[in-house]
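What follows is the content of coords_2.csv, which has CSV, C-alpha atoms:
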chain,number,residue,atom,x,y,z
A,55,MET,CA,39.1,147.9,5.9
A,56,SER,CA,36.7,145.9,3.8
A,57,ARG,CA,39.4,143.9,2.1
A,58,PHE,CA,40.3,142.4,5.5
A,59,SER,CA,36.7,141.8,6.7
A,60,ARG,CA,33.4,141.2,5.0
A,61,THR,CA,31.2,140.9,8.1
A,62,TRP,CA,29.8,143.5,10.4
A,63,TRP,CA,31.5,142.0,13.4
A,64,GLY,CA,34.9,141.8,11.7
A,65,LYS,CA,34.6,145.5,10.6
A,66,ARG,CA,33.6,146.5,14.1
A,67,PHE,CA,36.7,144.5,15.4
A,68,ILE,CA,38.9,146.6,13.1
A,69,ASP,CA,37.2,149.9,14.0
A,70,ALA,CA,38.3,149.3,17.6
A,71,LEU,CA,42.0,149.2,16.7
A,72,GLU,CA,41.8,152.1,14.2
A,73,SER,CA,40.2,154.3,16.8
A,74,PHE,CA,43.4,154.6,18.8
A,75,THR,CA,46.2,153.8,16.3
A,76,ASP,CA,47.8,156.4,14.1
A,77,SER,CA,47.1,156.1,10.4
A,78,GLY,CA,50.8,155.7,9.4
A,79,ARG,CA,51.2,152.5,11.4
A,80,LEU,CA,47.8,151.2,10.3
A,81,GLY,CA,48.8,151.6,6.7
A,82,ARG,CA,52.1,149.7,7.2
A,83,GLY,CA,50.2,147.1,9.2
A,84,ARG,CA,47.8,146.5,6.3
A,85,SER,CA,50.8,146.1,4.1
A,86,TYR,CA,52.3,143.6,6.5
A,87,ALA,CA,49.1,141.6,6.6
A,88,SER,CA,48.6,141.4,2.8
A,89,GLY,CA,52.4,141.1,2.0
A,90,GLY,CA,53.1,137.9,3.8
A,91,LYS,CA,55.1,139.5,6.6
A,92,ILE,CA,53.1,137.6,9.3
A,93,LYS,CA,55.1,134.3,9.4
A,94,GLU,CA,52.7,132.5,11.7
A,95,TYR,CA,50.1,133.3,14.4
A,96,GLN,CA,48.0,131.2,16.8
A,97,ILE,CA,45.3,131.7,19.3
A,98,ILE,CA,45.6,129.8,22.6
A,99,GLN,CA,43.3,130.4,25.5
A,100,GLY,CA,42.3,133.7,24.2
A,101,LYS,CA,45.9,135.0,23.6
A,102,ILE,CA,47.1,135.8,20.1
A,103,THR,CA,50.8,135.1,19.6
A,104,ALA,CA,52.5,135.8,16.2
A,105,LYS,CA,55.9,135.8,14.6
A,106,VAL,CA,56.3,138.8,12.3
A,107,ARG,CA,59.1,139.5,9.8
A,108,GLY,CA,60.7,142.9,10.3
A,109,SER,CA,62.5,145.2,7.8
A,110,ILE,CA,66.2,145.5,7.0
A,111,ASN,CA,67.4,149.0,7.8
A,112,PRO,CA,71.1,149.7,7.7
A,113,TYR,CA,70.5,153.2,9.0
A,114,PHE,CA,69.6,151.7,12.4
A,115,GLY,CA,72.2,148.9,12.1
A,116,VAL,CA,69.7,146.2,11.0
A,117,TYR,CA,71.4,144.2,8.2
A,118,ASN,CA,69.5,140.9,8.6
A,119,GLU,CA,65.8,140.5,8.5
A,120,PRO,CA,64.6,140.4,12.1
A,121,LEU,CA,61.8,138.2,13.5
A,122,TYR,CA,59.6,139.9,16.1
A,123,THR,CA,57.3,138.2,18.6
A,124,THR,CA,53.9,139.9,18.9
A,125,THR,CA,51.1,139.2,21.4
A,126,ILE,CA,47.6,140.6,21.6
A,127,GLU,CA,45.1,140.0,24.4
A,128,ILE,CA,41.6,141.3,24.7
A,129,LYS,CA,40.3,141.9,28.2
A,130,PRO,CA,38.5,138.7,29.2
A,131,ILE,CA,35.0,138.5,30.7
A,132,SER,CA,34.9,137.0,34.1
A,133,ALA,CA,33.2,133.7,34.8
A,134,ALA,CA,30.5,135.3,36.8
A,135,SER,CA,29.8,137.9,34.0
A,136,TRP,CA,29.7,135.1,31.4
A,137,SER,CA,27.0,133.3,33.5
A,138,LYS,CA,24.9,136.4,33.3
A,139,ALA,CA,25.5,136.9,29.6
A,140,ILE,CA,24.7,133.2,28.8
A,141,ALA,CA,21.5,133.3,30.9
A,142,ASN,CA,20.3,136.4,28.9
A,143,LEU,CA,21.2,134.7,25.6
A,144,SER,CA,19.4,131.5,26.6
A,145,SER,CA,16.2,133.4,27.4
A,146,LYS,CA,15.8,134.5,23.7
A,147,ALA,CA,15.1,131.9,21.0
A,148,SER,CA,16.6,134.0,18.2
A,149,PHE,CA,20.0,134.1,20.0
A,150,VAL,CA,20.1,130.4,20.8
A,151,SER,CA,19.0,129.2,17.4
A,152,LYS,CA,21.5,131.4,15.5
A,153,LEU,CA,24.5,130.8,17.7
A,154,LEU,CA,23.9,127.0,17.6
A,155,MET,CA,23.6,127.3,13.8
A,156,ASN,CA,27.0,129.0,13.7
A,157,GLU,CA,25.5,132.4,12.9
A,158,MET,CA,26.3,135.7,14.6
A,159,PRO,CA,23.0,137.5,15.5
A,160,ASP,CA,23.0,141.1,14.3
A,161,ASN,CA,21.8,142.4,17.7
A,162,ILE,CA,24.0,140.2,19.9
A,163,GLU,CA,25.6,143.3,21.4
A,164,GLU,CA,22.2,144.2,22.8
A,165,ALA,CA,22.2,141.0,24.8
A,166,PHE,CA,25.5,141.8,26.3
A,167,ALA,CA,24.5,145.5,26.9
A,168,ASP,CA,21.5,144.2,28.9
A,169,VAL,CA,24.0,142.9,31.5
A,170,ASN,CA,26.4,145.8,31.2
A,171,LEU,CA,28.9,143.9,29.1
A,172,GLN,CA,30.3,144.1,25.6
A,173,LEU,CA,31.5,141.3,23.3
A,174,LEU,CA,33.4,143.3,20.7
A,175,PRO,CA,36.3,145.5,21.9
A,176,LYS,CA,35.7,149.3,21.6
A,177,SER,CA,38.6,151.2,23.1
A,178,ARG,CA,42.3,151.0,24.1
A,179,SER,CA,41.4,149.7,27.5
A,180,ASP,CA,40.1,146.5,26.0
A,181,PHE,CA,43.5,145.6,24.7
A,182,ASN,CA,46.8,144.4,26.1
A,183,THR,CA,49.4,144.3,23.3
A,184,HIS,CA,53.2,143.8,23.1
A,185,CYS,CA,55.8,143.5,20.4
A,186,SER,CA,59.6,142.8,20.7
A,187,CYS,CA,60.4,145.4,18.0
A,188,PRO,CA,62.2,148.6,18.9
A,189,ASP,CA,59.2,150.8,18.0
A,190,TRP,CA,58.2,153.0,21.0
A,191,SER,CA,54.6,153.1,19.8
A,192,ASN,CA,52.1,150.5,21.0
A,193,PRO,CA,50.4,149.2,19.0
A,194,CYS,CA,53.1,149.2,16.3
A,195,LYS,CA,52.8,148.2,12.6
A,196,HIS,CA,53.5,144.5,13.5
A,197,ILE,CA,50.6,144.4,16.0
A,198,ALA,CA,48.3,146.1,13.5
A,199,GLY,CA,49.2,143.6,10.8
A,200,VAL,CA,48.4,140.6,13.1
A,201,TYR,CA,45.2,142.3,14.1
A,202,TYR,CA,44.0,142.6,10.5
A,203,LEU,CA,44.6,138.9,9.9
A,204,VAL,CA,42.7,138.0,13.0
A,205,ALA,CA,39.8,140.1,11.7
A,206,THR,CA,39.8,138.1,8.5
A,207,ALA,CA,39.7,134.9,10.6
A,208,LEU,CA,36.7,136.2,12.5
A,209,ASP,CA,34.7,136.3,9.2
A,210,ALA,CA,35.0,132.6,8.9
A,211,ASP,CA,34.6,131.8,12.6
A,212,PRO,CA,32.8,134.4,14.7
A,213,PHE,CA,33.1,132.2,17.7
A,214,LEU,CA,36.7,133.3,18.0
A,215,LEU,CA,35.2,136.5,19.5
A,216,PHE,CA,33.9,134.4,22.5
A,217,GLU,CA,37.3,132.6,22.8
A,218,LEU,CA,39.2,136.0,22.8
A,219,ARG,CA,36.9,137.1,25.6
A,220,GLY,CA,37.6,133.9,27.6
A,221,LEU,CA,34.9,131.4,26.7
A,222,SER,CA,35.6,128.5,24.4
A,223,ARG,CA,33.2,127.5,21.6
A,224,GLU,CA,32.5,124.1,23.3
A,225,LYS,CA,31.6,125.7,26.6
A,226,LEU,CA,29.3,128.3,24.9
A,227,GLN,CA,27.4,125.6,22.9
A,228,GLN,CA,27.2,123.4,25.9
A,229,GLU,CA,25.6,126.1,28.0
A,230,LEU,CA,23.2,127.2,25.3
A,231,GLY,CA,22.3,123.6,24.6
A,232,LYS,CA,20.9,123.3,28.1
A,233,SER,CA,18.0,125.7,27.3
A,234,PRO,CA,14.7,124.1,26.1
A,235,LEU,CA,15.2,125.4,22.5
A,236,GLY,CA,18.9,124.5,22.6
A,237,GLN,CA,18.1,120.9,23.4
A,238,VAL,CA,15.7,120.7,20.4
A,239,LEU,CA,18.3,122.2,18.1
A,240,SER,CA,21.1,120.1,19.4
A,241,GLU,CA,19.1,116.9,18.7
A,242,SER,CA,18.3,118.2,15.1
A,243,LEU,CA,22.0,119.0,14.4
A,244,GLN,CA,23.2,115.7,15.8
A,245,HIS,CA,20.6,113.7,13.9
A,246,GLN,CA,22.3,110.9,11.8
A,247,GLU,CA,20.8,109.9,8.5
A,248,ALA,CA,19.9,106.3,8.2
A,249,ALA,CA,22.3,104.2,6.1
A,250,ILE,CA,21.1,103.3,2.6
A,251,GLU,CA,20.5,99.5,2.4
A,252,PRO,CA,19.9,97.7,-0.9
A,253,ALA,CA,16.4,96.4,-1.5
A,254,GLN,CA,15.6,93.0,-3.0
A,255,SER,CA,12.8,94.4,-5.0
A,256,TYR,CA,11.2,97.7,-6.0
A,257,TYR,CA,7.8,96.4,-5.0
A,258,THR,CA,6.4,95.0,-1.8
A,259,GLN,CA,6.6,91.2,-1.8
A,260,LEU,CA,3.3,89.5,-1.4
A,261,GLU,CA,2.9,87.0,1.3
A,262,LYS,CA,0.5,84.1,1.1
A,263,MET,CA,-1.8,83.7,4.1
A,264,PRO,CA,-4.4,80.9,4.7
A,265,PRO,CA,-8.0,82.2,4.8
A,266,PRO,CA,-9.7,82.3,8.2
A,267,SER,CA,-11.8,79.4,9.1
A,268,SER,CA,-14.7,81.7,10.1
A,269,VAL,CA,-15.5,85.4,9.6
A,270,ASN,CA,-17.2,87.6,12.1
A,271,GLN,CA,-19.0,90.3,10.2
A,272,LYS,CA,-18.9,92.8,13.1
A,273,GLU,CA,-15.1,92.4,13.5
A,274,PHE,CA,-14.7,92.5,9.7
A,275,TRP,CA,-16.3,96.0,9.4
A,276,LEU,CA,-15.4,97.5,12.8
A,277,GLY,CA,-12.2,95.8,13.7
A,278,GLU,CA,-11.2,93.8,16.7
A,279,LYS,CA,-10.3,96.9,18.8
A,280,ARG,CA,-12.0,100.3,18.8
A,281,LEU,CA,-10.0,103.2,17.6
A,282,PRO,CA,-9.2,105.9,20.3
A,283,SER,CA,-11.4,108.9,20.2
A,284,ILE,CA,-8.4,111.3,20.4
A,285,VAL,CA,-5.3,110.6,18.4
A,286,GLU,CA,-2.1,112.2,19.9
A,287,VAL,CA,0.2,113.6,17.2
A,288,ASP,CA,3.9,113.8,18.0
A,289,ALA,CA,4.9,117.5,17.4
A,290,THR,CA,8.4,117.1,16.0
A,291,ALA,CA,10.4,120.3,16.0
A,292,ASN,CA,11.0,121.6,12.5
A,293,ILE,CA,13.9,123.9,11.8
A,294,PRO,CA,13.3,125.5,8.4
A,295,ALA,CA,16.3,125.4,6.0
A,296,ILE,CA,18.5,123.7,8.5
A,297,LEU,CA,21.1,122.6,5.9
A,298,ILE,CA,21.6,126.1,4.6
A,299,LYS,CA,21.8,127.7,8.0
A,300,LYS,CA,24.2,125.1,9.4
A,301,ALA,CA,27.2,126.5,7.6
A,302,GLY,CA,26.5,130.1,8.8
A,303,ASP,CA,26.5,133.4,7.1
A,304,ILE,CA,29.9,133.0,5.4
A,305,PRO,CA,30.5,129.3,4.5
A,306,PRO,CA,33.9,128.3,3.1
A,307,PHE,CA,32.6,128.1,-0.5
A,308,TRP,CA,30.9,131.6,-0.4
A,309,HIS,CA,33.2,134.3,-1.6
A,310,LYS,CA,30.9,137.3,-1.7
A,311,ASP,CA,30.7,140.1,0.8
A,312,SER,CA,27.0,139.5,1.5
A,313,SER,CA,25.5,136.8,3.7
A,314,PHE,CA,24.9,133.4,2.1
A,315,ILE,CA,21.8,132.9,4.2
A,316,GLU,CA,20.3,136.3,3.2
A,317,ALA,CA,21.0,135.5,-0.4
A,318,MET,CA,19.2,132.1,-0.2
A,319,GLU,CA,16.3,133.8,1.7
A,320,GLN,CA,15.9,136.1,-1.3
A,321,VAL,CA,15.9,133.2,-3.7
A,322,TYR,CA,13.2,131.4,-1.7
A,323,GLN,CA,11.1,134.5,-1.5
A,324,ARG,CA,11.3,135.0,-5.3
A,325,VAL,CA,10.3,131.3,-5.8
A,326,ARG,CA,7.4,131.7,-3.4
A,327,THR,CA,6.2,134.9,-5.1
A,328,LYS,CA,6.5,133.5,-8.6
A,329,ASN,CA,4.6,130.3,-7.7
A,330,LYS,CA,2.1,131.9,-5.4
A,331,GLU,CA,-0.9,131.2,-7.6
A,332,SER,CA,-0.1,127.5,-8.0
A,333,LEU,CA,0.4,126.9,-4.3
Any chance you could give the structure as structure tokens?
Amino acid sequence: MSRFSRTWWGKRFIDALESFTDSGRLGRGRSYASGGKIKEYQIIQGKITAKVRGSINPYFGVYNEPLYTTTIEIKPISAASWSKAIANLSSKASFVSKLLMNEMPDNIEEAFADVNLQLLPKSRSDFNTHCSCPDWSNPCKHIAGVYYLVATALDADPFLLFELRGLSREKLQQELGKSPLGQVLSESLQHQEAAIEPAQSYYTQLEKMPPPSSVNQKEFWLGEKRLPSIVEVDATANIPAILIKKAGDIPPFWHKDSSFIEAMEQVYQRVRTKNKESL
């Protein structure tokens, strides 16, 4: 459902649950997610644990509001398989740059498919879910409600997908940072701006120097040392629009369904087109 996710990976995450859960429980799960029934949930070492408020139902002898414990685990990727996936990601500049800039590449599933893996869950076999409620169906409405909230969290932090598959954000960025491009990007992201220091004057202070006792005309015109025939220029890596890309596709202040980076790219393109003749 679009109201629980605005990104393609969040919607794909929801599609996996909806592919094997009946519509009635999905509807009640959405109601639980939006109605404040999920009291709390946390993700620790790839395992989602939540406390969900149940319903009072005297017909079944439930006179006080129950509190159910719900757990959701997504099948983890083994360490050996992660090594293959990271090696494939590190070999492509587009994946390394976007992931280190907190962006989710649109074709990231292709990188996992190349090594016979998948990052996003797709079927019932990818899940291990449990709820302490008396509902015989698994997943129940409480599990569905928690799942919808996790999909919302994925919009803001797509790296949760990696954590749910068994790889922490720190480990992923550490491994990607070992690649040649990753090292350049890491240095750019960790660059600290120089502190602003007050100046004594807006202008360069003149210094008085005594005149030389004698002047050599050759040194005056050619200098004391000859200039090198070849000047080596330090090619500093340049990451275009690094400040905009650093926050990712959906930064905290961006409340639209579309990507913030794509919107800014359109703005820059219009500016370039409008001022093409003056450039």
So which one's closest to Cys187 (chain A), A:Pro252, A:Gly81, A:Pro120, A:Pro306? Using all atoms listed in the file, please.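 Among the listed residues, A:Pro120 lies closest to Cys187 (chain A).
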Work out how far CA of Pro234 (chain A) is from CA of Ala317 (chain A), in Å to one decimal.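 Atom-to-atom, CA of Ala317 (chain A) to CA of Pro234 (chain A), that is 29.5 Å.
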Quick one: of A:Val238, A:Trp136, A:Glu157, A:Gly100, who's nearest to Ala210 (chain A), counting all atoms listed in the file?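 The closest residue to Ala210 (chain A) is A:Glu157.
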Residue contacts of Asp180 (chain A) (12 Å, all atoms listed in the file) excluding same-chain residues fewer than 6 positions away, as a count of residues only: 16
Exercise: residues within 12 Å of coordinate (52.0, 145.7, 5.0), counting all atoms listed in the file, as a list of chain:residue names: A:Gly78, A:Arg79, A:Leu80, A:Gly81, A:Arg82, A:Gly83, A:Arg84, A:Ser85, A:Tyr86, A:Ala87, A:Ser88, A:Gly89, A:Gly90, A:Lys91, A:Ile92, A:Val106, A:Arg107, A:Gly108, A:Ser109, A:Cys194, A:Lys195, A:His196, A:Ile197, A:Ala198, A:Gly199, A:Val200, A:Tyr201, A:Tyr202, A:Leu203
I'd like the neighbourhood of Val204 (chain A) as a ChimeraX atom specification, where a residue qualifies if any of its atoms comes within 10 Å (using only C-alpha atoms), though same-chain residues fewer than 5 positions away should be ignored. /A:58-59,64,67-68,87,95-97,102,198-199,209,214
CA of Ala165 (chain A) and CA of Ala139 (chain A) are how many Å apart?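 The value is 7.1 Å.
From CA of Val150 (chain A) back to CA of Gln227 (chain A), the distance works out to 9.0 Å.
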Dump of region 125-181 of chain A from preceding block, C-alpha atoms, as a short mmCIF file (atom, residue, chain, number, x, y, z; two decimals), in the first residue's frame:
data_model
loop_
_atom_site.label_atom_id
_atom_site.label_comp_id
_atom_site.auth_asym_id
_atom_site.auth_seq_id
_atom_site.Cartn_x
_atom_site.Cartn_y
_atom_site.Cartn_z
CA THR A 125 8.50 -11.65 15.91
CA ILE A 126 9.48 -11.46 12.24
CA GLU A 127 12.70 -12.81 10.79
CA ILE A 128 13.76 -12.74 7.15
CA LYS A 129 15.97 -15.57 5.97
CA PRO A 130 19.57 -14.33 6.44
CA ILE A 131 22.23 -14.48 3.76
CA SER A 132 25.26 -16.52 4.77
CA ALA A 133 28.67 -14.89 5.29
CA ALA A 134 30.11 -16.66 2.24
CA SER A 135 27.23 -15.47 0.06
CA TRP A 136 27.60 -11.93 1.41
CA SER A 137 31.26 -11.97 0.35
CA LYS A 138 30.22 -12.83 -3.21
CA ALA A 139 27.52 -10.14 -3.24
CA ILE A 140 29.85 -7.43 -1.89
CA ALA A 141 32.55 -8.36 -4.40
CA ASN A 142 30.04 -7.95 -7.21
CA LEU A 143 28.76 -4.63 -5.80
CA SER A 144 32.30 -3.31 -5.38
CA SER A 145 33.12 -4.03 -9.01
CA LYS A 146 30.55 -1.50 -10.25
CA ALA A 147 31.09 2.21 -9.61
CA SER A 148 27.36 3.03 -9.73
CA PHE A 149 26.57 0.65 -6.85
CA VAL A 150 29.47 1.77 -4.67
CA SER A 151 28.80 5.49 -5.11
CA LYS A 152 25.05 5.28 -4.47
CA LEU A 153 25.28 2.96 -1.47
CA LEU A 154 27.95 5.09 0.19
CA MET A 155 25.76 8.14 -0.47
CA ASN A 156 22.83 6.44 1.34
CA GLU A 157 20.95 5.81 -1.90
CA MET A 158 19.34 2.56 -3.00
CA PRO A 159 20.29 1.74 -6.62
CA ASP A 160 17.25 0.96 -8.77
CA ASN A 161 18.97 -2.11 -10.22
CA ILE A 162 20.52 -3.46 -7.03
CA GLU A 163 18.56 -6.69 -7.36
CA GLU A 164 20.51 -7.36 -10.56
CA ALA A 165 23.76 -7.36 -8.60
CA PHE A 166 22.36 -9.98 -6.23
CA ALA A 167 20.84 -12.01 -9.07
CA ASP A 168 24.29 -12.21 -10.69
CA VAL A 169 25.43 -14.34 -7.73
CA ASN A 170 22.10 -16.22 -7.38
CA LEU A 171 20.91 -14.20 -4.38
CA GLN A 172 18.08 -11.78 -3.60
CA LEU A 173 18.04 -8.84 -1.21
CA LEU A 174 14.29 -8.28 -1.01
CA PRO A 175 12.04 -11.11 0.22
CA LYS A 176 9.78 -12.62 -2.42
CA SER A 177 7.89 -15.60 -0.99
CA ARG A 178 6.72 -17.32 2.19
CA SER A 179 9.97 -19.28 2.40
CA ASP A 180 11.88 -16.05 3.07
CA PHE A 181 10.01 -15.44 6.35
#
